[in-house]
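Step one of this worksheet: look at the structure below.
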Amino acid sequence: MSRYDYVVVGGGSAGCIAAAELGRAGASVLLLEAGPAAEEHPATLDADGYKETFINDAVFFDRFTVPQPHCGGQRVFIGTGRVMGGSGSVNGMVYTRGAREDYDEWPEGWRWDQVVADFEAIEGRLRPRRREPTAWTSACVSAAEAAGFRHREDLNDGDLGGVIGHEWMNYEGDRRRSSYVAFLGGEERPAKVTVISGAEVHRIVVADGRAVAVEYVQGGEGRRAEVAREVVMAAGALETPKLLMLSGIGPGEAIRAVGLPVVADVPGVGQELHDHPNVPVFFRSRHRVDALYPQLYSFYRTCPESHLPEGQADSCYVYWPAPSAMKQAMQRVLPGMLLPPRLYHGAARGWVRKAVGGLFGIGAARRAVDHLFGIIVILGKPRSRGFVRLASADPRAQALVNPAYLADPEDRRVLARGVEVARRIAASGDLREWVRGELSPGPIARSQRALERWVGKNLITTYHFAATCRMGAEEAAPADVRLRLRGLRGVRIADASAIPSTPVSALNAPSMLVGYRAARYALEEASGE
């Protein structure tokens, strides 16, 4: 048994910052991460290692959604990072704050002008930067400009309406600079921060309406950490609500349904789940694609008549060079598409991956991939909302995750129109000289109706899950605007589950913002400010 001022659950993009900021202020902090130490898997610390981490099951939560009725009944792979640094140790390192209009949808106190200083403080340690243009990315910029986009040098100034540019990325030299590296790695770690990896949290212990301890298992042995001030939940938008519900905190009816006692009935926990789904549009290239990172992005209002304010981007386009990680992407995704659930976790998954690796060992296949690129159409402002719910009282069991992809018809319409925008870009500017032909969806999907059918069958996740413990001023929001969980004392939400509505951009930077602010709020309240 041990006692700390704060216990931070989850060592991802947000949790590492929350723990570091609390420790830097002199508080004693225990950071619990379910996955292994980053140093045990060096690829998580390597800027070029993201493609290898994508097929490393040791650093991933290997999850699938429940069958998605609007996507042909498929179970969509929704794995996230399970290693020190979380998804920030396995992602593409893109660092985008989002659009000014995105933060108009957040509560007062979280608007664009109110959070810029916090982003700047984070970036002072993170030191994100852009990669140099290549011949292919320059052709893509030319094409987008010819198709009506504006080229911008800085995609972090809040203006993302109809722009294209090279993204900021959190790397330095040949090393990934995740929030773990920047805030907790090596000499950066405050003396009073204790980090324990391989720690699977089972529940928060509550007494007299306050969180007083966290119970977890490490190396097969049950442990307990007592909490003097707060439990800071930063396990991610899929794991944070699960752990709260395992603790009896959440929708009472759903908790009782798996045989657990209700400690605090907080109906909104696990609700309002949404994500950025995407569909890839692939093109054959006449020239070798000379980029190795997904570094070029554009943002656009694809559906002018949507519910959003005029000019606000509703979609994102990622210019994806297939040579960067096509083999690993297929090795990760194909087993889930080809194998029934009962075979997925057995030897058959390894056979499929080995077969894919063998295919890429053939010279003709490698050359084909070297001459392939995608324009990935991402639904940036989804309307569909789903849920996370317990499947059982066993902490080791995956929760039921339903992002309700395409449940709202507008989401399908935006993605289908986005495919047309991608095609228009590929047929414009200097990119016309690169494109040999469209590989997918190709001639089978030309009409709007055919495109919408194709979207449903080919949709995948962008791993941007949010809102399952959303913050808000209204009582229906599980967390208040200072990220305190409603219904009991001593629990604060510090990850993407608190984000009420996703920005049109990636969630790496906004998640860091939430973690940074969670620590600040906790310290202010501890000092009586």
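Ligands are numbered from 1 in the order shown, chains are lettered A, B, ... in the order of the structure tokens, and residues start at 1 in each chain.
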
Wanna dump the range 204-303 of chain A-range 26-33 of chain A contacts at 9 Å for me, each residue with its shortest atom pair and the distance in Å to one decimal, counting only C-alpha atoms, ordered by chain and number, as CSV?
```
residue,atom,partner,partner_atom,distance
A:Tyr216,CA,A:Leu32,CA,8.6
A:Ala225,CA,A:Leu30,CA,8.3
A:Ala235,CA,A:Glu33,CA,8.2
```

Just write the chosen residues, all heavy atoms, as a PDB file, in the first residue's frame.
```pdb
ATOM      1  N   TYR A 216      -5.072  -1.825  -8.612  1.00  0.00           N
ATOM      2  CA  TYR A 216      -4.540  -2.246  -9.904  1.00  0.00           C
ATOM      3  C   TYR A 216      -3.765  -3.542  -9.744  1.00  0.00           C
ATOM      4  O   TYR A 216      -3.455  -3.977  -8.630  1.00  0.00           O
ATOM      5  CB  TYR A 216      -3.660  -1.158 -10.514  1.00  0.00           C
ATOM      6  CG  TYR A 216      -2.409  -0.797  -9.731  1.00  0.00           C
ATOM      7  CD1 TYR A 216      -1.163  -1.320 -10.097  1.00  0.00           C
ATOM      8  CD2 TYR A 216      -2.457   0.059  -8.637  1.00  0.00           C
ATOM      9  CE1 TYR A 216      -0.006  -0.984  -9.403  1.00  0.00           C
ATOM     10  CE2 TYR A 216      -1.313   0.403  -7.934  1.00  0.00           C
ATOM     11  CZ  TYR A 216      -0.094  -0.126  -8.319  1.00  0.00           C
ATOM     12  OH  TYR A 216       1.050   0.197  -7.626  1.00  0.00           O
ATOM     13  N   ALA A 225      -3.176   1.885  -4.329  1.00  0.00           N
ATOM     14  CA  ALA A 225      -2.539   3.185  -4.099  1.00  0.00           C
ATOM     15  C   ALA A 225      -3.583   4.122  -3.513  1.00  0.00           C
ATOM     16  O   ALA A 225      -4.635   4.347  -4.126  1.00  0.00           O
ATOM     17  CB  ALA A 225      -1.995   3.755  -5.404  1.00  0.00           C
ATOM     18  N   ALA A 235      -7.014   7.614 -19.279  1.00  0.00           N
ATOM     19  CA  ALA A 235      -6.825   6.337 -19.964  1.00  0.00           C
ATOM     20  C   ALA A 235      -7.353   6.347 -21.389  1.00  0.00           C
ATOM     21  O   ALA A 235      -7.257   5.346 -22.092  1.00  0.00           O
ATOM     22  CB  ALA A 235      -7.505   5.215 -19.165  1.00  0.00           C
TER      23      ALA A 235
END
```

Determine, for each residue of range 138-197 of chain A having at least one atom at most 7 Å from an atom of range 99-120 of chain A, the closest pair of atoms and their separation in Å to one decimal, counting only C-alpha atoms; order by chain and ascending number, as CSV.
```
residue,atom,partner,partner_atom,distance
A:Gly158,CA,A:Ala99,CA,4.3
A:Asp159,CA,A:Ala99,CA,5.7
A:Leu160,CA,A:Ala99,CA,5.5
```

DSSP strand (DSSP E or B) residues within range 95-267 of chain A, listed as a PyMOL selection string: chain A and resi 129-130+150-151+163-166+168-169+171-172+175-176+193-197+199-207+210-218+221-233+249-250+264-265

Gln218 in chain A environment, 7 Å, only C-alpha atoms, sequence neighbours closer than 6 positions dropped, as a PyMOL selection string: chain A and resi 198-200

Residue selection dump (all heavy atoms) as a compact mmCIF listing (two decimals), in the first residue's frame:
```
# COMPACT_ATOMS: atom_id res chain seq x y z
N GLY A 198 2.83 -1.52 -17.01
CA GLY A 198 2.26 -2.85 -16.80
C GLY A 198 1.28 -2.88 -15.65
O GLY A 198 1.08 -3.93 -15.02
N ALA A 199 0.65 -1.76 -15.37
CA ALA A 199 -0.27 -1.64 -14.23
C ALA A 199 -1.70 -1.56 -14.76
O ALA A 199 -2.12 -0.53 -15.29
CB ALA A 199 0.06 -0.40 -13.41
N GLU A 200 -2.45 -2.64 -14.64
CA GLU A 200 -3.82 -2.69 -15.13
C GLU A 200 -4.77 -2.27 -14.02
O GLU A 200 -4.98 -3.01 -13.05
CB GLU A 200 -4.15 -4.09 -15.64
CG GLU A 200 -3.28 -4.52 -16.81
CD GLU A 200 -3.65 -5.89 -17.35
OE1 GLU A 200 -4.51 -6.56 -16.71
OE2 GLU A 200 -3.11 -6.27 -18.39
```

Shell of 9 Å around Gly456 in chain A, only C-alpha atoms, local chain residues under 3 positions omitted, as a list in words: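 Contacts, with the query itself left out: His70, Cys71, Gly72, Val279, Tyr405, Leu406, Arg412, Leu451, Glu452, Arg453 and Leu459 of chain A.
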
Could you list, with a cut-off of 7 Å and counting only C-alpha atoms, the residues of range 79-180 of chain A near range 419-430 of chain A, each shown with its nearest atom pair and the distance in Å rounded to one decimal, rows sorted by chain and ascending number, as a tab-separated table?
```
residue	atom	partner	partner_atom	distance
A:Ala139	CA	A:Asp430	CA	4.9
A:Ser142	CA	A:Gly429	CA	5.2
A:Ala143	CA	A:Gly429	CA	4.0
A:Ala144	CA	A:Ile425	CA	5.4
A:Ala146	CA	A:Gly429	CA	5.5
A:Ala147	CA	A:Ile425	CA	5.7
```

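Ranking A:Leu523, A:Leu243, A:Ala228, A:Met326 by their shortest atom-to-atom distance to Val201 in chain A, with only C-alpha atoms included, puts A:Leu243 first.
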